[in-house]
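Please read the structure below before turning to the comments.
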Amino acid sequence: MAEPLLEVNDLAVHFPTEDGLVKAVDGISFSVQPGESLGVVGESGSGKSVSFLTVMGLITRPQAVIEGEIIFQGQDLLTLPSEEMRNVRGAKISMIFQDPMTSLHPYYKVGAQISEAIRVHQKVSKQEAREQAVEMLRRVGIPRPDERADQYPHEFSGGMRQRAMIAMALSLNPDLLIADEPTTALDVTVQAQILDLIDRLREEFNAAVVIITHDLGVVAEHCDHIQVMYAGRIVEAGDRRDIYYKSHHPYTWGLLSSIPRLGETTVKERLNPIKGLPPSLIFLPPGCSFNPRCPHAFDRCRTEMPELLPSDGHHASRCHLSLADKERIFNEEVMVRS
Amino acid sequence: MGRYLIRRTLFMILVLFVVSMITFIIFVKLPAADPARRAVGRATSPENVEAARKAFGLDKPLYIQYGRFARGLVPWPGLFLDEDVYYSYANFVPVKEEILGRLPVTIALAVGAAITWLIIGIPIGIISAVRRRSIMDRGAMVFALIGVSAPVFWLAYLFLYIFWFKLGWAPPSGIPIGMSVWEAVLTGRFILPWAVLSLAFAAFYARMVRGNLIETMGEDYIRTARAKGLSEKRVIYRHGLRAALTPVVTMFGLDLAGLLGGAFITETVFNLPGVGQYAVNAIFNNDFPSVMGVTIFGAFFIALANLLVDVAYAFLDPRVRYT
Amino acid sequence: MIHRARTCPGGWDPGDRLGSVKQEEGEGGYVRRYLKVLALVAVLGLVAAACGGDEGGGETGAETGAETGATGATGETGADIQPGGTLEFAMLGDVSAAFDPAKEYYSVTWEYYRCCLLRTLLGYTGKTTAEGGADLQPDIASALPEISSDGLTYTFTLKSGVNYSPPFEDVSVTSGDIVRALERVADPNASVGGYNFYYNIIEGFAEFGEGKADTITGVEAPDDSTLIVTLTAPSGYLPYLFSMHATAPIPPDGPDERLGAAEGHTKDYGRYLVTTGPYMFLGSENLDFSLPADEQTPVAGYEPGQSIQLVRNPGYDPATDGLRPAYADAINVSIGGDNNDLYNKIQAGELDLVVDGIVPPPVLRTYSTDPTLQPLLHINPSDAVRYISFNMAAPPFDDIHVRKAFNLALDKAGMRTLRGGESTGEIGGHIFVNSLQDNLLADYDPYATPNSAGDITAAQAEMAQSVYDTDGDGVCDDPVCSGILAVTDEADPYPDQAALITQNMEPLGLVFDIKSFERTTMYSKCNDPSAQVAICLAPGWGKDFPDGYTFADPLFGSAAIFPSCCNYSLLGASPELLQENGYSVTEVPSVDEQIATANAQTGDARFQGWADLDVTLMEEVVPWAPYFFDNNVDVTSARIVNYSFDQFAGLAAFDHFAIHPDAQ
């Protein structure tokens with residue numbers, strides 16, 4: 001295997017607050033290969049956004065206690081001086097956000113916001129930057145990009161704004177694009193278009209893509225690898241097929257069950273959310289963090305924290321159930337419904 | 001936009017009517033004392049009271065009395081503060097003449113103070129917001145607290161006492177007879193009034209800028225700006241301030257207009273012959289047409305400023321549109 | 001019918017020399033607030049000297065009282081008086097009617113007229129009562145008028161060579177110019193807020209004012225230097241009316257213009273004023289009376305509400321004037337500002353006098369205790385009385401013993417303390433201010449008590465004789481004594497004074513139901529007999545011109561009962577009037593005859609006449625409990641060497657002020 005583009009080792013991000021230490025990310029390790037697409041799935045508060053904002057350098061010390069390593073193209077971003085980190089941010093790693101309505105500056109023209117990003121990292125004239133920005137808008141499928149570049153964000157629809165955000169993120173041809181809930185705030189029909197666009201551009205720009213989402217359905221067709229996060233830890237990781245067809249973690253099962261399926265008719269059947277609430281990140285339950293909500297928990301789950309153990313190849317999970325039990329329960333209870 | 005302006009102008013006239021009606025009711029319908037009796041003094045004959053009543057038009061029915069004043073509300077040359085009605089009951093000088101004659105002093109005071117408080121208030125607000133919870137921030141906010149809570153007349157007298165009377169660093173109050181406003185500005189006669197008047201505003205603006213900027217810095221588009229790899233300076237000054245200062249413009253327009261309508265206490269204590277001092281005298285003397293005139297004038301300025309601020313907002317915030 | 005002015009139009013309070021009542025209240029508030037501020041500052045140690053740290057320990061204010069009285073008419077500092085220089089004055093508020101002589105009813109303006117701007121047939125010397133300052137002197141007239149034996153005709157003879165200010169510097173004053181002024185005074189529009197009612201005693205004056213006659217029949221000018229005035233009835237105070245500036249001559253200006261220079265200036269003649277005194281407004285020479293009135297440009301030397309600038313009048317010949325030294329070359333007056341700040345300016349030498357200021361207590365303390373500063377503090381009676389008036393038709397005050405008991409029980413010293421202490425005025429023992437009686441009753445007080453603090457024993461002895469004290473224990477036991485309707489002013493210090501009065505009268509069994517009002521309303525309530533106000537706690541009265549008639553008729557004449565003013569005691573009320581207004585009392589004493597007797601006197605006999613009336617009122621009628629005579633307190637800058645006090649206006653005499661040669 002080639003050297004990974006991004007390698008995260010034992011990353012922990014803790015926020016000191018008046019109520020105690022919030023362990024938003026508590027020791028995660030993973031890697032992203034060049035050109036690969038990784039889906040990161042979890043409920044809000046699972047640490048999925050925090051870990052990538054840390055990768056971006058948007059969460060820094062002393063705002064948070066950060067431990068571990070983030071190796072990007074052979075460099076540990078956590079030890080990089082902020083000046084050099086800025087050259088990475090936006091140019092080599094770029095990010096798009098959940099809410100395109102608020103992520104663009106309301107007082108500046110869309111084209112200007114894109115060319116600003118270009119001019120920060122490249123020595124080009126205003127005119128050239130603008131031309132590049134217009135070209136980017138065209139490539140993300142915005143009609144009449146020359147005109148649209150001179151419009152303000154409020155004159156764009158939600159989908160168009162997210163396209164503009166993507167144009168901005170890709171304008172410097174980054175090696176890694178992090179998309180944090182890129183479609184959550186959009187209409188269902190627009191969601192698919194955006195995801196397809198990201199897919200297409202990944203190939204065009206040969207960039208690795210991380211899609212962060214709470215919705216397994218979103219990453220189903222668009223990611224090579226998927227990792228599921230819960231309470232600041234990775235609970236299951238594997239290829240797309242591993243997660244969809246032979247998931248080994250009860251939490252993932254819950255997520256799979258709550259994906260709306262085509263042809264289901266009644267609301268009662270369709271919605272099958274995981275019972276209970278995510279745990280407090282200050283006072284995590286003893287043993288497995290998921291045990292209070294897990295229908296399959298037994299005594300050991302309440303005392304001993306399971307390790308993230310590989311079962312075969314890339315596929316790993318963090319659960320005390322035996323492999324046989326996992327396969328049985330998945331086949332009998334989860335697949336049946338799917 | 002054209003229709004919007006017409007609508008706003010009509011609305012402005014409506015506001016002037018409402019303000020004038022209230023003023024009229026307070027001073028004519030519910031006066032502390034009968035203006036005619038006040039004008040003639042206690043020791044007089046009933047005939048003299050009647051003569052004063054007639055001279056002031058107070059013998060006419062109320063609607064006619066108000067009607068005379070109402071004509072002067074239309075912001076149109078020749079009609080606005082019409083001299084036949086708007087003259088002082090005390091010295092018979094037309095209100096318009098007084099206000100226009102005093103306006104340069106008020107403008108010098110208001111504009112100078114406004115520049116001062118912007119120069120002081122905005123940087124303090126920015127530093128406090130950027131270096132939140134630092135000693136600078138806490139010091140600045142203590143300054144703001146003092147500035148906001150210290151009464152202006154107290155500050156005015158204290159400043160005069162310390163900086164003129166005791167230390168001799170600043171010139172005394174007032175504008176010497178025969179000195180023009182411009183000469184007064186150049187010879188430092190406005191330094192203490194500016195300082196006193198701007199202190200409270202500077203404090204207020206520092207707090208407002210700090211609050212706005214802190215709020216803005218938490219916006220998603222600031223995160224976007226950072227994600228683009230912009231320097232923190234550029235993020236703060238180009239992206240943060242741009243949004244944080246826009247509401248300040250609104251405030252500024254209204255505050256400046258309010259001061260142009262008269263900085264009552266500052267002008268009175270520092271004996272600056274501006275519109276505010278005139279207003280205070282008019283109120284103390286129960287000089288109804290002057291009170292009415294100066295109220296209308298102030299309301300006119302504020303209404304006009306409101307309109308200008310709204311129009312300016314359209315340029316500052318592209319999301320705002322007028323229909 | 002005669003009334004007093006002495007104050008501004010709105011300000012019906014004699015001691016109030018500010019632009020208006022409200023202004024005084026406002027400034028009073030500032031004074032108190034600033035005192036607190038200064039105290040705070042001292043505590044902070046920022047300016048330890050703020051509260052007069054050099055004050056000697058254990059010293060009392062006794063010396064302040066000793067200061068009271070006439071202070072130096074001539075060179076008290078021992079410096080030579082040399083003409084020249086510019087006086088720098090300040091006023092907190094403007095004059096009341098922009099210097100229009102027919103409208104100005106304000107002592108401050110009267111002083112500007114007297115000292116500087118307008119000469120009248122008769123005038124004053126600008127000195128105290130003791131120095132003859134209350135005595136009439138010939139001014140434009142060559143002598144006091146000749147009075148016919150029936151007392152109805154007064155003949156004035158004018159001096160020659162009394163000229164006007166530019167542009168009329170070559171025009172001499174004639175008797176026709178005085179007639180012109182009187183015709184203007186008669187016009188009710190030109191004299192709004194003025195005192196035209198005084199002149200109704202001149203034959204044909206009222207008819208002319210009402211437009212029923214073309215001339216005032218009682219005023220004749222047979223030649224340019226003679227003026228003959230005919231009255232409807234003998235009135236000994238007529239000469240004083242020709243010391244009032246509404247009668248100051250107005251120059252002619254073309255044959256069509258009946259009112260001469262004042263033609264077309266019904267509202268604003270003051271800003272086009274042509275003067276006869278030693279001074280005129282700066283820029284007076286630029287007045288162009290050949291233009292229509294509304295195209296003329298007013299004088300530069302008076303900007304209403306902002307400044308007054310007086311300069312020497314080139315048309316004035318000092319040889320014709322024996323009254324005004326007029327030492328200074330010019331007088332600059334700034335209008336507006338903060339009372340405390342203005343007094344700081346006096347100490348700093350930036351200002352020479354605050355004409356209408358209230359000396360702040362710390363400044364007063366400093367100037368009264370520091371021997372080098374004492375000569376700069378000037379305390380003089382300003383000829384106003386503060387009193388409590390009884391409604392003599394309202395029980396229990398229909399009983400003279402109750403009224404006398406009240407007078408004896410009142411803590412006058414305490415009342416004065418609440419007004420600001422000894423320097424602010426003298427304890428009042430009678431009704432007429434002393435200048436009106438040539439000091440004949442200066443030491444008179446029929447209800448004097450130890451330390452002026454009230455005498456409960458004497459008061460109860462008096463009360464015991466009352467019909468309302470049936471058991472004779474000195475305490476009123478009639479139900480009318482509980483809940484007596486009393487009216488007072490809501491502004492300071494009256495609420496505190498009302499509390500003191502309540503406390504003083506408790507041993508007499510007098511219990512008040514006190515209602516407080518804004519000053520104008522307070523006076524209306526006291527004046528209206530149908531309001532049944534039994535006692536009015538907050539009135540004051542000042543003179544107009546130095547004649548007792550300005551006290552006697554408007555305060556005690558039966559014609560001065562509502563709707564006229566200001567006989568609150570209802571002296572001389574008819575039985576019908578009392579019945580109409582719901583009183584069960586059917587008779588109230590009248591002093592109309594004594595007033596007429598005194599008024600028929602001329603010369604010095606008038607002083608005795610008013611003194612006799614005063615004694616009768618105090619001892620036999622007792623309509624009031626007078627408690628205070630106001631002082632005028634001035635602080636001048638160190639360069640002023642010849643302070644003088646003008647008893648006529650009750651203010652500093654500006655024409656006597658001289659600037660030390662080294663400071664000119």
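We label chains A, B, ... in the order they appear in the structure tokens, count residues from 1 in each chain, and number ligands from 1 in the order shown.
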
**Message:** Please extract the residues of segment 166-310 of chain B with a backbone DSSP assignment of alpha helix (DSSP H) and present them as a PyMOL selection string.
**Reply:** chain B and resi 181-186+191-217+220-227+232-234+241-260+264-269+275-284+288-310

Using DSSP on the backbone coordinates, identify the residues of segment 226-456 of chain C assigned to strand (DSSP E); present them as a short mmCIF file (atom, residue, chain, number, x, y, z; two decimals) with C-alpha atoms, in the first residue's frame.
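The new file states-v2.cif reads:
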```
data_model
loop_
_atom_site.label_atom_id
_atom_site.label_comp_id
_atom_site.auth_asym_id
_atom_site.auth_seq_id
_atom_site.Cartn_x
_atom_site.Cartn_y
_atom_site.Cartn_z
CA THR C 226 -42.09 120.77 28.82
CA LEU C 227 -44.27 117.79 29.63
CA ILE C 228 -47.54 118.19 31.48
CA VAL C 229 -49.22 115.11 32.89
CA THR C 230 -52.77 115.16 34.16
CA TYR C 279 -23.67 103.18 26.48
CA MET C 280 -25.34 101.69 23.45
CA PHE C 281 -25.37 98.29 21.81
CA TYR C 302 -27.24 91.81 21.38
CA GLU C 303 -27.61 88.21 20.35
CA SER C 307 -24.38 87.77 24.40
CA ILE C 308 -24.71 91.47 25.09
CA GLN C 309 -22.04 93.98 24.09
CA LEU C 310 -22.31 97.56 25.27
CA VAL C 311 -19.94 100.25 24.06
CA ARG C 312 -19.74 103.98 24.74
CA ALA C 330 -17.41 98.70 27.36
CA ILE C 331 -19.41 95.91 28.97
CA ASN C 332 -19.38 92.35 27.58
CA VAL C 333 -21.99 89.96 28.86
CA SER C 334 -22.06 86.28 27.99
CA ILE C 335 -25.38 84.56 28.50
CA LEU C 353 -19.60 89.55 37.92
CA VAL C 354 -22.33 86.96 37.48
CA LEU C 377 -18.15 89.82 48.69
CA HIS C 378 -21.10 92.19 48.64
CA ILE C 379 -24.31 91.52 50.52
CA ASN C 380 -27.23 93.94 50.27
CA PRO C 381 -30.98 93.75 50.73
CA SER C 382 -32.65 93.16 47.40
CA ASP C 383 -36.03 94.45 48.54
CA ALA C 384 -38.21 91.38 48.57
CA VAL C 385 -40.16 89.86 51.43
CA ARG C 386 -41.08 86.21 52.06
CA TYR C 387 -44.19 85.60 54.06
CA ILE C 388 -47.02 83.30 54.97
CA SER C 389 -50.44 84.79 54.24
CA PHE C 390 -53.60 84.04 56.17
CA GLY C 425 -31.32 87.39 53.88
CA GLU C 426 -32.44 89.10 57.08
CA ILE C 427 -35.08 87.85 59.50
#
```

**Request:** Skip segment 109-123 of chain B itself and residues of its chain fewer than 4 positions away, then list as a ChimeraX atom specification all residues within 9 Å of it, counting only C-alpha atoms.
**Result:** /B:104-105,127-128,144,185,190-191,193-210,245,252,255-257,259-260,262-263,267,272,274

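Atom CA of Val192 of chain C is found 9.1 Å from atom CA of Glu104 of chain C.
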
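In this model, the gap between atom CA of Leu255 of chain A and atom CA of His315 of chain A comes to 17.2 Å.
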
Counting only C-alpha atoms, which residues of chain B sit at most 10 Å from some atom of chain A, and what is each one's closest atom pair with its distance in Å to one decimal, listed by chain and rising residue number, as a Markdown table?
```
| residue | atom | partner | partner_atom | distance |
| --- | --- | --- | --- | --- |
| B:Glu219 | CA | A:Thr102 | CA | 7.5 |
| B:Asp220 | CA | A:Ser103 | CA | 4.8 |
| B:Tyr221 | CA | A:Ser103 | CA | 4.2 |
| B:Ile222 | CA | A:His105 | CA | 7.6 |
| B:Arg223 | CA | A:Ser103 | CA | 7.6 |
| B:Thr224 | CA | A:Ser103 | CA | 6.0 |
| B:Ala225 | CA | A:Ala117 | CA | 8.2 |
| B:Arg226 | CA | A:Leu58 | CA | 7.2 |
| B:Ala227 | CA | A:Gly90 | CA | 5.6 |
| B:Lys228 | CA | A:Gly90 | CA | 4.2 |
| B:Gly229 | CA | A:Arg86 | CA | 4.8 |
| B:Leu230 | CA | A:Val120 | CA | 6.5 |
| B:Ser231 | CA | A:Arg86 | CA | 7.3 |
| B:Glu232 | CA | A:Arg86 | CA | 9.6 |
| B:His239 | CA | A:His105 | CA | 7.4 |
| B:Gly240 | CA | A:His105 | CA | 9.5 |
| B:Arg242 | CA | A:Tyr107 | CA | 7.7 |
| B:Ala243 | CA | A:Tyr107 | CA | 7.3 |
| B:Thr246 | CA | A:Tyr107 | CA | 9.9 |
| B:Phe315 | CA | A:Tyr107 | CA | 9.7 |
| B:Leu316 | CA | A:Tyr107 | CA | 7.4 |
| B:Asp317 | CA | A:Tyr107 | CA | 5.8 |
| B:Pro318 | CA | A:Tyr107 | CA | 6.0 |
| B:Arg319 | CA | A:His154 | CA | 6.4 |
| B:Val320 | CA | A:His154 | CA | 9.9 |
```

Write to file, as a short mmCIF file (atom, residue, chain, number, x, y, z; two decimals), in the first residue's frame, the residues of the selection just made, with N, CA and C atoms.
```cif
data_model
loop_
_atom_site.label_atom_id
_atom_site.label_comp_id
_atom_site.auth_asym_id
_atom_site.auth_seq_id
_atom_site.Cartn_x
_atom_site.Cartn_y
_atom_site.Cartn_z
N GLU B 219 -19.60 33.36 13.73
CA GLU B 219 -20.43 33.02 12.58
C GLU B 219 -19.75 31.97 11.69
N ASP B 220 -20.57 31.23 10.95
CA ASP B 220 -20.04 30.21 10.05
C ASP B 220 -19.12 30.78 9.00
N TYR B 221 -19.45 31.98 8.48
CA TYR B 221 -18.62 32.51 7.39
C TYR B 221 -17.24 32.92 7.87
N ILE B 222 -17.10 33.14 9.16
CA ILE B 222 -15.76 33.42 9.70
C ILE B 222 -14.96 32.12 9.68
N ARG B 223 -15.63 31.01 10.02
CA ARG B 223 -14.96 29.71 9.94
C ARG B 223 -14.55 29.43 8.50
N THR B 224 -15.44 29.79 7.58
CA THR B 224 -15.10 29.62 6.16
C THR B 224 -13.86 30.43 5.80
N ALA B 225 -13.84 31.65 6.27
CA ALA B 225 -12.70 32.53 5.96
C ALA B 225 -11.42 31.93 6.49
N ARG B 226 -11.50 31.38 7.71
CA ARG B 226 -10.31 30.75 8.28
C ARG B 226 -9.93 29.52 7.47
N ALA B 227 -10.97 28.76 7.06
CA ALA B 227 -10.71 27.53 6.31
C ALA B 227 -10.04 27.84 4.97
N LYS B 228 -10.26 29.07 4.47
CA LYS B 228 -9.62 29.45 3.22
C LYS B 228 -8.13 29.66 3.42
N GLY B 229 -7.70 29.75 4.66
CA GLY B 229 -6.29 29.97 4.92
C GLY B 229 -5.95 31.44 5.07
N LEU B 230 -6.96 32.29 5.30
CA LEU B 230 -6.68 33.71 5.49
C LEU B 230 -5.95 33.91 6.81
N SER B 231 -5.14 34.97 6.85
CA SER B 231 -4.48 35.29 8.11
C SER B 231 -5.54 35.77 9.11
N GLU B 232 -5.25 35.61 10.39
CA GLU B 232 -6.22 35.98 11.42
C GLU B 232 -6.57 37.46 11.32
N HIS B 239 -13.33 40.34 7.32
CA HIS B 239 -14.57 39.57 7.40
C HIS B 239 -15.36 39.86 8.67
N GLY B 240 -14.66 39.91 9.80
CA GLY B 240 -15.36 40.13 11.07
C GLY B 240 -15.88 41.55 11.18
N ARG B 242 -16.29 43.89 9.00
CA ARG B 242 -17.23 44.31 7.98
C ARG B 242 -18.67 44.08 8.44
N ALA B 243 -18.88 42.93 9.04
CA ALA B 243 -20.23 42.62 9.50
C ALA B 243 -20.50 43.26 10.86
N THR B 246 -21.45 47.14 10.66
CA THR B 246 -22.64 47.61 9.96
C THR B 246 -23.73 48.11 10.91
N PHE B 315 -26.53 49.99 0.95
CA PHE B 315 -25.21 49.90 0.34
C PHE B 315 -24.29 49.01 1.17
N LEU B 316 -24.51 49.02 2.46
CA LEU B 316 -23.61 48.28 3.34
C LEU B 316 -23.99 46.81 3.41
N ASP B 317 -25.27 46.54 3.44
CA ASP B 317 -25.71 45.15 3.55
C ASP B 317 -26.50 44.80 2.30
N PRO B 318 -25.88 44.02 1.41
CA PRO B 318 -26.53 43.73 0.12
C PRO B 318 -27.84 42.96 0.29
N ARG B 319 -28.06 42.39 1.46
CA ARG B 319 -29.30 41.62 1.63
C ARG B 319 -30.52 42.51 1.76
N VAL B 320 -30.26 43.79 2.15
CA VAL B 320 -31.37 44.70 2.38
C VAL B 320 -31.84 45.27 1.06
#
```

**Message:** With only C-alpha atoms as the counted atoms, please give the residues lying no more than 6 Å from Gly238 of chain A, apart from itself and same-chain residues fewer than 6 positions off, as a list in words.
**Reply:** His225, Ile226, His314 and His315 of chain A

Those same residues - N, CA and C atoms - I'd like them written as a short mmCIF file (atom, residue, chain, number, x, y, z; two decimals), in the first residue's frame.
```
data_model
loop_
_atom_site.label_atom_id
_atom_site.label_comp_id
_atom_site.auth_asym_id
_atom_site.auth_seq_id
_atom_site.Cartn_x
_atom_site.Cartn_y
_atom_site.Cartn_z
N HIS A 225 -14.49 3.88 1.88
CA HIS A 225 -14.40 3.40 3.25
C HIS A 225 -15.33 4.20 4.15
N ILE A 226 -15.73 3.52 5.24
CA ILE A 226 -16.63 4.18 6.18
C ILE A 226 -16.14 3.92 7.58
N HIS A 314 -9.65 -4.83 6.59
CA HIS A 314 -9.86 -3.48 7.12
C HIS A 314 -10.95 -3.44 8.15
N HIS A 315 -11.77 -4.42 8.15
CA HIS A 315 -12.98 -4.34 8.96
C HIS A 315 -12.67 -4.52 10.43
#
```

**Request:** Tell me the residues of chain B close to chain C, meaning within 9 Å using only C-alpha atoms, as a ChimeraX atom specification.
**Result:** /B:32-49,51-52,54-55,89-93,98,153-154,157-158,160-162,165-166,172-177,267-273,277-278,281,283-286

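Rounded to one decimal, atom CA of Ala409 of chain C and atom CA of Tyr627 of chain C lie 11.6 Å from each other.
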
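The residue that comes closest to Met505 of chain C, out of C:Gln460, C:Gly542, C:Val467, C:Ala534 and on the basis of only C-alpha atoms, is C:Gln460.
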
**Prompt:** So which residues touch Val585 of chain C within 8 Å, counting only C-alpha atoms, skipping near sequence neighbours fewer than 4 positions away, as a ChimeraX atom specification?
**Reply:** /C:393-394,398,578

**Asked** Counting only C-alpha atoms, what is within 8 Å of segment 192-204 of chain A, bar same-chain residues fewer than 6 positions away, as a ChimeraX atom specification?
**Response** /A:35,140,159,162-163,182-183,222

For the selection you just gave me, I'd like the residues written to a file as a compact mmCIF listing (two decimals), in the first residue's frame, keeping C-alpha atoms.
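Result file result.txt:
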```txt
# COMPACT_ATOMS: atom_id res chain seq x y z
CA GLY A 35 -7.79 9.86 -4.07
CA VAL A 140 -19.33 23.09 -10.32
CA GLY A 159 -27.83 24.18 -3.65
CA GLN A 162 -23.12 24.78 -1.73
CA ARG A 163 -21.81 24.51 -5.28
CA PRO A 182 -22.49 18.92 2.90
CA THR A 183 -26.09 18.07 2.15
CA HIS A 222 -20.16 7.68 -2.51
```
